[in-house]
Amino acid sequence: MAGSQDMFDAIVMADERFHGEGYQEGYEEGSSLGLIEGRQHGTLHGARIGSEIGCYQGFAFAWRCLLHGCATEKDSKKMKALESLIGMIQKFPYDDPTYDKLHEDLDKIRGKFKQLCSLLNVQPDFKISAEGSGLSF
Amino acid sequence: MKDSLVLLARVPAHPDSRCWFLAWNPAGTLLASCGGDRRVRIWGTEGESWICKSVLSEGHQRTVRKVAWSPCGNYLASASFDATTCIWKKNQDDFECVTTLEGHENEVKSVAWAPSGNLLATCSRDKSVWVWEVDEEDEYECVSVLNSHTQDVKHVVWHPSQELLASASYDDTVKLYREEEDDWVCYATLEGHESTVWSLAFDPSGQRLASCSDDRTVRIWRQYLPDNEQGVACSGSDPSWKCICTLSGFHSRTIYDVAWCQLTGALATACGDDAIRVFEEDPSSDPQQPTFSLTAHLPQAHSQDVNCVAWNPKEQGLLASCSDDGEVAFWKYQRPEGI
């Protein structure tokens with residue numbers, strides 16, 4: 001009698017078993033697809049942040065050269081803000097996306113850049129390249 | 001309670017438009033108003049009535065949201081939805097726009113002068129707070145751009161005696177800033193309101209800060225320094241701010257403005273239910289846990305939302321208010337007997 005009970009169990013529990021197996025397969029497939037999608041998203045997002053900061057750095061280096069040798073008090077304030085921005089950019093941990101103050105530091109860099117533009121009397125509204133892939137963040 | 005707030009005069013300050021904000025000059029002789037008609041008007045008394053002494057009209061392309069007088073009374077700043085802040089210099093009854101501060105990405109929501117007169121703060125829907133320095137030659141320079149808030153910043157106000165700045169935002173928080181090693185930093189965030197914080201006011205001593213919100217409450221906050229007597233925990237050398245009182249159940253709509261009288265300590269509120277209310281601290285209450293009583297409640301003070309209330313800095317009990325109905329009203333407040 002024990003044998004026929006196992007057989008009925010197998011039939012009755014089949015639905016639940018298939019459900020479980022299906023869930024497991026789906027979960028594993030979803031996880032690996034998610035990993036790929038996440039990686040793509042991370043790459044894109046990281047590239048955006050990188051290019052934004054890169055832009056600020058290029059801007060700052062160029063202005064540092066332009067202001068080099070100027071001695072007025074106003075210029076020294078500009079230089080101070082410039083050096084501060086360059087310092088912040090250099091200290092930024094590019095290889096650690098889990099850095100807990102990532103967005104806070106990024107906001108500080110953006111704020112310093114805006115202040116610098118105000119001091120230099122420049123509009124911070126860069127649109128680069130003829131192909132239409134403008135640099136706007 | 002009805003007689004504690006009596007109407008003195010009403011003027012159609014910004015006809016067919018909203019009147020957004022009011023500011024008394026430091027001498028208490030002039031009132032500046034600004035509105036949706038893109039103008040700033042200066043009001044003064046002539047005998048018993050209030051008349052318009054000047055109109056500042058060529059300054060802005062859009063609504064003027066706030067105005068603020070410099071501590072010396074010779075300059076007026078106007079913050080506008082056109083993303084600029086104009087600085088006007090007073091020459092008798094004439095005002096001349098001497099500088100336009102640009103930089104915000106969109107609507108400037110507030111402007112405030114520091115008590116020293118050397119610093120100015122502006123804030124905007126672009127979520128940032130800017131600190132500007134002005135030198136002897138009336139040249140303005142941006143000294144800091146603070147991106148601490150996560151949403152639209154509605155109001156900025158300076159501490160009455162220290163170089164300490166506070167901001168209120170759509171992100172439900174109040175943030176405090178000070179200068180540290182040549183740069184401005186956010187050193188405290190006040191959480192507790194459940195919705196947009198619309199306005200702020202320091203008490204006369206600067207030890208307490210009042211905030212009002214879309215959550216229909218007014219909260220009073222107090223600063224505690226490290227090693228304080230009350231045993232309030234502080235992290236490191238930073239002061240800690242605690243909410244020591246919440247006024248709830250008094251307002252039926254959003255509270256748009258709160259004003260703390262520097263002469264008497266009375267607290268006035270401007271509410272979306274068209275009413276003006278005044279609160280006074282109970283003299284016997286514990287300074288660490290104060291209680292406030294409602295001493296005046298005037299429903300239908302205006303025919304629409306009251307946007308601003310402002311105590312005259314020299315004349316006790318003189319209160320001005322303005323509304324979406326475009327009018328400015330002047331009131332006499334007298335603390336009721338027996339309270």
# chains A, B, ... in the order shown; residues from 1 in each chain; ligands from 1

call {"tool": "closest_atom_pairs", "arguments": {"of": "chain B", "to": "chain A", "cutoff": "10 Å", "atoms": "only C-alpha atoms", "output": "Markdown table"}}
result
| residue | atom | partner | partner_atom | distance |
| --- | --- | --- | --- | --- |
| B:Leu101 | CA | A:Ser118 | CA | 9.5 |
| B:Glu102 | CA | A:Ser118 | CA | 8.0 |
| B:Gly103 | CA | A:Ser118 | CA | 6.6 |
| B:His104 | CA | A:Lys114 | CA | 9.2 |
| B:Ser128 | CA | A:Gly111 | CA | 8.3 |
| B:Val129 | CA | A:Gly111 | CA | 9.5 |
| B:Trp130 | CA | A:Gln115 | CA | 8.5 |
| B:Val131 | CA | A:Gln115 | CA | 9.5 |
| B:Trp132 | CA | A:Gln115 | CA | 9.8 |
| B:Tyr140 | CA | A:Leu119 | CA | 9.5 |
| B:Glu141 | CA | A:Leu119 | CA | 6.5 |
| B:Cys142 | CA | A:Gln115 | CA | 6.0 |
| B:Val143 | CA | A:Gln115 | CA | 6.7 |
| B:Ser144 | CA | A:Gln115 | CA | 5.9 |
| B:Val145 | CA | A:Gly111 | CA | 4.7 |
| B:Leu146 | CA | A:Gly111 | CA | 5.9 |
| B:Asn147 | CA | A:Asp107 | CA | 5.9 |
| B:Ser148 | CA | A:Asp107 | CA | 7.7 |
| B:Asp183 | CA | A:Lys112 | CA | 9.9 |
| B:Val185 | CA | A:Lys108 | CA | 9.5 |

call {"tool": "residues_around", "arguments": {"residues": "B:Phe292", "least_positions_apart": "2", "cutoff": "9 Å", "atoms": "only C-alpha atoms", "output": "ChimeraX atom specification"}}
result
/B:245,247,279-282,285,290,294

call {"tool": "select_by_dssp", "arguments": {"residues": "chain A", "states": "alpha helix (DSSP H)", "output": "PyMOL selection string"}}
result
chain A and resi 2-12+14-67+73-91+102-120

call {"tool": "select_by_dssp", "arguments": {"residues": "stretch 137-325 of chain B", "states": "strand (DSSP E)", "output": "ChimeraX atom specification"}}
result
/B:140-146,153-158,164-169,174-180,183-190,197-202,208-213,218-224,240-247,255-260,267-271,276-281,292-298,306-311,318-323

call {"tool": "closest_residue", "arguments": {"among": "B:Leu164, B:Val64, B:Leu76, B:Ile220", "to": "B:Asn91", "atoms": "only C-alpha atoms"}}
result
B:Leu76

call {"tool": "residues_around", "arguments": {"residues": "B:Gln92", "least_positions_apart": "5", "cutoff": "12 Å", "atoms": "only C-alpha atoms", "output": "list of chain:residue names"}}
result
B:Leu30, B:Ile42, B:Lys53, B:Ser54, B:Gly73, B:Asn74, B:Tyr75

call {"tool": "write_last_selection", "arguments": {"atoms": "all heavy atoms", "output": "compact mmCIF listing (two decimals), in the first residue's frame"}}
result
# COMPACT_ATOMS: atom_id res chain seq x y z
N LEU B 30 9.34 102.25 6.13
CA LEU B 30 8.89 101.88 4.79
C LEU B 30 8.59 100.39 4.71
O LEU B 30 9.24 99.59 5.38
CB LEU B 30 9.98 102.19 3.74
CG LEU B 30 10.41 103.63 3.60
CD1 LEU B 30 11.63 103.71 2.68
CD2 LEU B 30 9.28 104.50 3.04
N ILE B 42 7.05 100.42 -2.84
CA ILE B 42 7.49 100.89 -1.53
C ILE B 42 6.38 101.74 -0.93
O ILE B 42 5.90 102.69 -1.57
CB ILE B 42 8.77 101.75 -1.66
CG1 ILE B 42 9.80 101.06 -2.56
CG2 ILE B 42 9.35 102.05 -0.27
CD1 ILE B 42 10.40 99.80 -2.02
N LYS B 53 5.03 105.08 -2.37
CA LYS B 53 6.03 106.12 -2.59
C LYS B 53 6.89 105.86 -3.82
O LYS B 53 7.39 106.78 -4.44
CB LYS B 53 6.94 106.24 -1.37
CG LYS B 53 6.18 106.57 -0.09
CD LYS B 53 7.08 107.13 0.96
CE LYS B 53 6.52 108.48 1.41
NZ LYS B 53 7.39 109.08 2.42
N SER B 54 7.08 104.59 -4.14
CA SER B 54 7.88 104.27 -5.34
C SER B 54 7.40 102.96 -5.93
O SER B 54 6.88 102.11 -5.22
CB SER B 54 9.36 104.08 -5.03
OG SER B 54 9.82 104.96 -4.06
N GLY B 73 19.70 99.63 5.39
CA GLY B 73 18.48 100.24 4.87
C GLY B 73 18.65 100.97 3.55
O GLY B 73 17.69 101.54 3.03
N ASN B 74 19.86 100.96 2.98
CA ASN B 74 20.09 101.68 1.72
C ASN B 74 19.91 100.83 0.47
O ASN B 74 19.91 101.36 -0.65
CB ASN B 74 21.51 102.25 1.69
CG ASN B 74 21.68 103.30 2.76
OD1 ASN B 74 20.75 104.04 3.07
ND2 ASN B 74 22.87 103.35 3.36
N TYR B 75 19.81 99.52 0.66
CA TYR B 75 19.67 98.64 -0.50
C TYR B 75 18.49 97.71 -0.31
O TYR B 75 18.14 97.33 0.81
CB TYR B 75 20.92 97.76 -0.67
CG TYR B 75 22.18 98.54 -0.98
CD1 TYR B 75 22.98 99.02 0.04
CD2 TYR B 75 22.55 98.79 -2.31
CE1 TYR B 75 24.12 99.74 -0.24
CE2 TYR B 75 23.70 99.51 -2.59
CZ TYR B 75 24.48 99.98 -1.55
OH TYR B 75 25.62 100.69 -1.82

call {"tool": "residues_around", "arguments": {"residues": "stretch 214-216 of chain B", "least_positions_apart": "4", "cutoff": "7 Å", "atoms": "only C-alpha atoms", "output": "PyMOL selection string"}}
result
chain B and resi 193-197+248+251-255

call {"tool": "residues_around", "arguments": {"residues": "B:Tyr333", "least_positions_apart": "4", "cutoff": "6 Å", "atoms": "only C-alpha atoms", "output": "list in words"}}
result
Ser4, Leu5 and Gly317 of chain B

call {"tool": "closest_residue", "arguments": {"among": "B:Tyr187, B:Ala310, B:Cys86, B:Thr122", "to": "B:Cys234", "atoms": "only C-alpha atoms"}}
result
B:Tyr187

call {"tool": "residues_around", "arguments": {"residues": "B:Asp82", "least_positions_apart": "2", "cutoff": "12 Å", "atoms": "only C-alpha atoms", "output": "MDAnalysis selection string"}}
result
chainID B and resid 36 38 59:65 78:80 84:86 100:109 124:125

call {"tool": "residues_around", "arguments": {"residues": "B:Gly231", "least_positions_apart": "6", "cutoff": "12 Å", "atoms": "only C-alpha atoms", "output": "PyMOL selection string"}}
result
chain B and resi 224-225+240+242+288

call {"tool": "write_last_selection", "arguments": {"atoms": "all heavy atoms", "output": "CSV table (one decimal), in the first residue's frame"}}
result
chain,number,residue,atom,x,y,z
B,224,TYR,N,21.6,72.9,20.6
B,224,TYR,CA,22.4,72.5,21.7
B,224,TYR,C,23.8,72.3,21.4
B,224,TYR,O,24.1,71.6,20.4
B,224,TYR,CB,21.8,71.2,22.3
B,224,TYR,CG,20.4,71.3,22.8
B,224,TYR,CD1,19.3,71.2,22.1
B,224,TYR,CD2,20.2,71.7,24.2
B,224,TYR,CE1,18.0,71.4,22.6
B,224,TYR,CE2,19.0,71.9,24.7
B,224,TYR,CZ,17.8,71.7,23.9
B,224,TYR,OH,16.6,71.9,24.5
B,225,LEU,N,24.7,72.9,22.1
B,225,LEU,CA,26.1,72.8,21.9
B,225,LEU,C,26.7,71.6,22.5
B,225,LEU,O,26.1,71.0,23.5
B,225,LEU,CB,26.9,74.1,22.4
B,225,LEU,CG,26.4,75.4,21.8
B,225,LEU,CD1,27.0,76.6,22.5
B,225,LEU,CD2,26.8,75.4,20.3
B,240,SER,N,23.8,70.4,18.0
B,240,SER,CA,22.7,69.5,17.6
B,240,SER,C,21.4,70.3,17.7
B,240,SER,O,21.3,71.2,18.6
B,240,SER,CB,22.7,68.4,18.7
B,240,SER,OG,21.9,67.4,18.3
B,242,LYS,N,17.3,70.3,18.1
B,242,LYS,CA,16.2,69.5,18.6
B,242,LYS,C,14.9,70.2,18.4
B,242,LYS,O,14.8,71.5,18.7
B,242,LYS,CB,16.4,69.1,20.0
B,242,LYS,CG,16.0,67.7,20.4
B,242,LYS,CD,16.3,67.4,21.9
B,242,LYS,CE,15.0,67.5,22.7
B,242,LYS,NZ,15.3,67.1,24.1
B,288,GLN,N,13.2,74.7,27.9
B,288,GLN,CA,13.6,73.6,27.0
B,288,GLN,C,12.4,72.9,26.5
B,288,GLN,O,12.5,72.1,25.5
B,288,GLN,CB,14.4,72.5,27.9
B,288,GLN,CG,15.5,73.1,28.7
B,288,GLN,CD,16.5,73.9,27.9
B,288,GLN,OE1,16.8,73.6,26.8
B,288,GLN,NE2,17.1,74.9,28.5

call {"tool": "closest_residue", "arguments": {"among": "B:Val153, B:Val40, B:Leu318, B:Ala301", "to": "B:Cys261", "atoms": "only C-alpha atoms"}}
result
B:Leu318

call {"tool": "decode", "arguments": {"residues": "stretch 17-37 of chain A", "atoms": "N, CA and C atoms", "output": "PDB file, in the first residue's frame"}}
result
ATOM      1  N   ARG A  17       5.448  21.013  -7.418  1.00  0.00           N
ATOM      2  CA  ARG A  17       6.837  20.728  -7.743  1.00  0.00           C
ATOM      3  C   ARG A  17       7.257  21.493  -8.994  1.00  0.00           C
ATOM      4  N   PHE A  18       6.383  21.433 -10.019  1.00  0.00           N
ATOM      5  CA  PHE A  18       6.709  22.129 -11.263  1.00  0.00           C
ATOM      6  C   PHE A  18       6.798  23.628 -11.040  1.00  0.00           C
ATOM      7  N   HIS A  19       5.897  24.110 -10.182  1.00  0.00           N
ATOM      8  CA  HIS A  19       5.889  25.530  -9.824  1.00  0.00           C
ATOM      9  C   HIS A  19       7.237  25.918  -9.224  1.00  0.00           C
ATOM     10  N   GLY A  20       7.663  25.095  -8.282  1.00  0.00           N
ATOM     11  CA  GLY A  20       8.935  25.343  -7.610  1.00  0.00           C
ATOM     12  C   GLY A  20      10.108  25.298  -8.564  1.00  0.00           C
ATOM     13  N   GLU A  21      10.120  24.270  -9.433  1.00  0.00           N
ATOM     14  CA  GLU A  21      11.236  24.130 -10.374  1.00  0.00           C
ATOM     15  C   GLU A  21      11.245  25.297 -11.353  1.00  0.00           C
ATOM     16  N   GLY A  22      10.035  25.621 -11.834  1.00  0.00           N
ATOM     17  CA  GLY A  22       9.931  26.737 -12.782  1.00  0.00           C
ATOM     18  C   GLY A  22      10.430  28.025 -12.154  1.00  0.00           C
ATOM     19  N   TYR A  23      10.018  28.274 -10.904  1.00  0.00           N
ATOM     20  CA  TYR A  23      10.451  29.481 -10.190  1.00  0.00           C
ATOM     21  C   TYR A  23      11.969  29.533 -10.102  1.00  0.00           C
ATOM     22  N   GLN A  24      12.555  28.415  -9.726  1.00  0.00           N
ATOM     23  CA  GLN A  24      14.005  28.334  -9.567  1.00  0.00           C
ATOM     24  C   GLN A  24      14.720  28.649 -10.868  1.00  0.00           C
ATOM     25  N   GLU A  25      14.248  28.050 -11.952  1.00  0.00           N
ATOM     26  CA  GLU A  25      14.882  28.292 -13.251  1.00  0.00           C
ATOM     27  C   GLU A  25      14.754  29.753 -13.638  1.00  0.00           C
ATOM     28  N   GLY A  26      13.538  30.257 -13.449  1.00  0.00           N
ATOM     29  CA  GLY A  26      13.290  31.652 -13.811  1.00  0.00           C
ATOM     30  C   GLY A  26      14.160  32.589 -12.998  1.00  0.00           C
ATOM     31  N   TYR A  27      14.270  32.306 -11.697  1.00  0.00           N
ATOM     32  CA  TYR A  27      15.062  33.143 -10.804  1.00  0.00           C
ATOM     33  C   TYR A  27      16.516  33.207 -11.252  1.00  0.00           C
ATOM     34  N   GLU A  28      17.040  32.018 -11.613  1.00  0.00           N
ATOM     35  CA  GLU A  28      18.446  31.994 -12.030  1.00  0.00           C
ATOM     36  C   GLU A  28      18.646  32.749 -13.341  1.00  0.00           C
ATOM     37  N   GLU A  29      17.705  32.547 -14.265  1.00  0.00           N
ATOM     38  CA  GLU A  29      17.841  33.235 -15.546  1.00  0.00           C
ATOM     39  C   GLU A  29      17.707  34.752 -15.341  1.00  0.00           C
ATOM     40  N   GLY A  30      16.703  35.122 -14.538  1.00  0.00           N
ATOM     41  CA  GLY A  30      16.496  36.537 -14.241  1.00  0.00           C
ATOM     42  C   GLY A  30      17.712  37.168 -13.587  1.00  0.00           C
ATOM     43  N   SER A  31      18.311  36.437 -12.660  1.00  0.00           N
ATOM     44  CA  SER A  31      19.496  36.959 -11.974  1.00  0.00           C
ATOM     45  C   SER A  31      20.618  37.226 -12.951  1.00  0.00           C
ATOM     46  N   SER A  32      20.850  36.298 -13.854  1.00  0.00           N
ATOM     47  CA  SER A  32      21.987  36.522 -14.747  1.00  0.00           C
ATOM     48  C   SER A  32      21.669  37.598 -15.775  1.00  0.00           C
ATOM     49  N   LEU A  33      20.407  37.694 -16.214  1.00  0.00           N
ATOM     50  CA  LEU A  33      20.036  38.780 -17.124  1.00  0.00           C
ATOM     51  C   LEU A  33      20.147  40.117 -16.404  1.00  0.00           C
ATOM     52  N   GLY A  34      19.710  40.100 -15.145  1.00  0.00           N
ATOM     53  CA  GLY A  34      19.766  41.318 -14.332  1.00  0.00           C
ATOM     54  C   GLY A  34      21.184  41.801 -14.150  1.00  0.00           C
ATOM     55  N   LEU A  35      22.083  40.855 -13.979  1.00  0.00           N
ATOM     56  CA  LEU A  35      23.492  41.181 -13.794  1.00  0.00           C
ATOM     57  C   LEU A  35      24.033  41.882 -15.037  1.00  0.00           C
ATOM     58  N   ILE A  36      23.647  41.353 -16.202  1.00  0.00           N
ATOM     59  CA  ILE A  36      24.098  41.947 -17.465  1.00  0.00           C
ATOM     60  C   ILE A  36      23.520  43.345 -17.622  1.00  0.00           C
ATOM     61  N   GLU A  37      22.208  43.466 -17.349  1.00  0.00           N
ATOM     62  CA  GLU A  37      21.550  44.767 -17.495  1.00  0.00           C
ATOM     63  C   GLU A  37      22.145  45.774 -16.513  1.00  0.00           C
TER      64      GLU A  37
END
